[in-house]
Amino acid sequence: MNEPVEPSDLEPSDLEPSGPAAIEGLLSLERAVAARSARKVVLPSGLSGRVLGSAVAARPAGRPTGAWATDEIGPVEALSRTVDDLATLLDELDDPQWDLPLAADLLAGWTVREVVAHLVAVEDYQTAVLGHGDWTPPAGTEADHMAMTLPTVEQLRPLPVADLRARWDRAVATSLAVARAEAARPGRLQERLTFAGIPFRVATLMVVRTFEIWTHTDDIRRAVGRPVDAPDGPSLTLMSDLAVNAVPLGLALSGRAVGKRTARIVLTGPGGGAWSQPLAIGEAAGEPEVVLVADVVDFCRLAAKRLPADELVCHVEGDEKLAADVLVGAAVFAA
């Protein structure tokens, strides 16, 4: 009998770094293609595929070095940095902006203040899951990340902005302190727990929460008319690795299981990398049947369901139907 599907098994890969020349060469090719297209100069048939194939053969799975290399940080540090970004944004909002509506489909009808109240509940829940609090989801909502926070949202909605902000400050300070203390315990980051009905390793949960905080920070930026922002490279390194390794889970959850097949996924920019990703949970990578090249930040927005698959700028070589399935599977973190 197969073991239950557990996203906690989607550990960051032990990837050996190598030079970024292959990816940089691909980007140069794409820029050249764009320039030639503007002049209506047609490239020889099959050139793009041959160059991309050579780049893939020369670039083993791993992380870039040189200009695109990033420092290594732990998952709790990534979460802390992302929380700091949200705190800075909230500092800059005036009171009326807290009542602006969010544009994300998953948060239709919610305002800035309501998503902050939602995050208060999530921080309290995380603290409890790590063994240092007593917050529990209402009965029947244990596996529904949004529904479990609704009573807290209702409770905190009437608060003055200053009081709601202070409540979030306290909740996040406690959850981060607990996370740091737990991470300092030998082996704790690899232990399993259940969060919103899903088993995770502690390290994986911290990266999932980093995804959530970053996503909601961008939700708020859009609501108040500010441009969205990218996480720093070291945080993206953890996020992109989780996003790629979660594709088999997303395929299974979406009903698009494709069997024992492999995709080559190349994410460009600081925090990106290259993966030969098996598309069935628990399987080893085989010969890739499709290659997808995309920007790392855009891929993470796809994973957070803030960028539709048909709007992702993605270079595809190989099985286009399989590529479409992979992109559906990538949209797994519904923050």
# chains A, B, ... in the order shown; residues from 1 in each chain; ligands from 1
>>> residues_around(residues="range 119-128 of chain A", least_positions_apart="5", cutoff="8 Å", atoms="only C-alpha atoms", output="list in words")
Gly133, Asp134, Trp135, Thr136, Pro137, Thr149, Thr152, Val153, Arg167, Trp168, Ala171, Val172, Thr174, Ser175, Val178, Ala179 and Phe195 of chain A
>>> residues_around(residues="range 216-232 of chain A", least_positions_apart="3", cutoff="9 Å", atoms="only C-alpha atoms", output="PyMOL selection string")
chain A and resi 70+78+81-83+85-86+89-90+93+97-98+100-104+111-112+115-116+119+211-213+235-237+270-271+297+306+335
>>> residues_around(residues="range 242-251 of chain A", least_positions_apart="4", cutoff="8 Å", atoms="only C-alpha atoms", output="PyMOL selection string")
chain A and resi 5+7+10-12+204+207+238+255-258+265+275+277-281+300+303+325-326+328-332
>>> select_by_dssp(residues="range 95-229 of chain A", states="helix (DSSP H, G or I)", output="PyMOL selection string")
chain A and resi 95-99+105-107+112-129+147-156+161-183+188-190+202-223
>>> atom_distance(atom1="CA of Leu164 in chain A", atom2="CA of Ala117 in chain A")
7.3 Å
>>> atom_distance(atom1="CA of Arg261 in chain A", atom2="CA of Glu289 in chain A")
7.1 Å
>>> atom_distance(atom1="CA of Ala294 in chain A", atom2="CA of Ala323 in chain A")
11.9 Å
>>> closest_residue(among="A:Asp169, A:Glu77, A:Glu287, A:Asp241", to="Asp91 in chain A", atoms="only C-alpha atoms")
A:Asp169
>>> residues_around(residues="Arg201 in chain A", least_positions_apart="2", cutoff="7 Å", atoms="only C-alpha atoms", output="ChimeraX atom specification")
/A:8,189-193,203-205
>>> closest_residue(among="A:Ala274, A:Ala324, A:Ala196, A:Val293", to="Asp144 in chain A", atoms="only C-alpha atoms")
A:Ala196
>>> decode(residues="range 257-274 of chain A", atoms="N, CA and C atoms", output="JSON list (two decimals), in the first residue's frame")
[["chain", "number", "residue", "atom", "x", "y", "z"],
["A", 257, "ALA", "N", -2.74, 13.84, -12.25],
["A", 257, "ALA", "CA", -1.58, 12.96, -12.11],
["A", 257, "ALA", "C", -1.14, 12.47, -13.48],
["A", 258, "VAL", "N", 0.16, 12.58, -13.76],
["A", 258, "VAL", "CA", 0.66, 12.26, -15.10],
["A", 258, "VAL", "C", 1.57, 11.04, -15.12],
["A", 259, "GLY", "N", 1.68, 10.36, -14.00],
["A", 259, "GLY", "CA", 2.48, 9.15, -13.95],
["A", 259, "GLY", "C", 3.97, 9.42, -13.78],
["A", 260, "LYS", "N", 4.76, 8.41, -14.11],
["A", 260, "LYS", "CA", 6.21, 8.47, -13.87],
["A", 260, "LYS", "C", 6.90, 9.23, -15.00],
["A", 261, "ARG", "N", 6.71, 10.53, -14.98],
["A", 261, "ARG", "CA", 7.32, 11.39, -15.99],
["A", 261, "ARG", "C", 8.14, 12.47, -15.29],
["A", 262, "THR", "N", 8.98, 13.14, -16.04],
["A", 262, "THR", "CA", 9.90, 14.12, -15.46],
["A", 262, "THR", "C", 9.86, 15.41, -16.28],
["A", 263, "ALA", "N", 9.92, 16.54, -15.57],
["A", 263, "ALA", "CA", 10.01, 17.85, -16.22],
["A", 263, "ALA", "C", 11.30, 18.53, -15.80],
["A", 264, "ARG", "N", 11.92, 19.20, -16.71],
["A", 264, "ARG", "CA", 13.07, 20.06, -16.39],
["A", 264, "ARG", "C", 12.52, 21.46, -16.15],
["A", 265, "ILE", "N", 12.71, 22.00, -14.95],
["A", 265, "ILE", "CA", 12.21, 23.32, -14.60],
["A", 265, "ILE", "C", 13.40, 24.22, -14.30],
["A", 266, "VAL", "N", 13.51, 25.30, -15.05],
["A", 266, "VAL", "CA", 14.60, 26.26, -14.88],
["A", 266, "VAL", "C", 13.99, 27.60, -14.51],
["A", 267, "LEU", "N", 14.34, 28.10, -13.31],
["A", 267, "LEU", "CA", 13.81, 29.37, -12.83],
["A", 267, "LEU", "C", 14.94, 30.38, -12.78],
["A", 268, "THR", "N", 14.76, 31.48, -13.48],
["A", 268, "THR", "CA", 15.83, 32.45, -13.66],
["A", 268, "THR", "C", 15.76, 33.57, -12.62],
["A", 269, "GLY", "N", 16.93, 34.12, -12.32],
["A", 269, "GLY", "CA", 17.02, 35.22, -11.38],
["A", 269, "GLY", "C", 17.54, 34.77, -10.03],
["A", 270, "PRO", "N", 17.93, 35.71, -9.17],
["A", 270, "PRO", "CA", 18.42, 35.36, -7.84],
["A", 270, "PRO", "C", 17.39, 34.54, -7.06],
["A", 271, "GLY", "N", 17.83, 33.42, -6.52],
["A", 271, "GLY", "CA", 16.92, 32.53, -5.83],
["A", 271, "GLY", "C", 16.34, 31.45, -6.71],
["A", 272, "GLY", "N", 16.70, 31.46, -7.99],
["A", 272, "GLY", "CA", 16.22, 30.44, -8.91],
["A", 272, "GLY", "C", 17.15, 29.24, -8.94],
["A", 273, "GLY", "N", 17.05, 28.46, -9.98],
["A", 273, "GLY", "CA", 17.86, 27.26, -10.09],
["A", 273, "GLY", "C", 17.32, 26.36, -11.19],
["A", 274, "ALA", "N", 17.78, 25.14, -11.22],
["A", 274, "ALA", "CA", 17.37, 24.18, -12.23],
["A", 274, "ALA", "C", 17.10, 22.84, -11.57]]
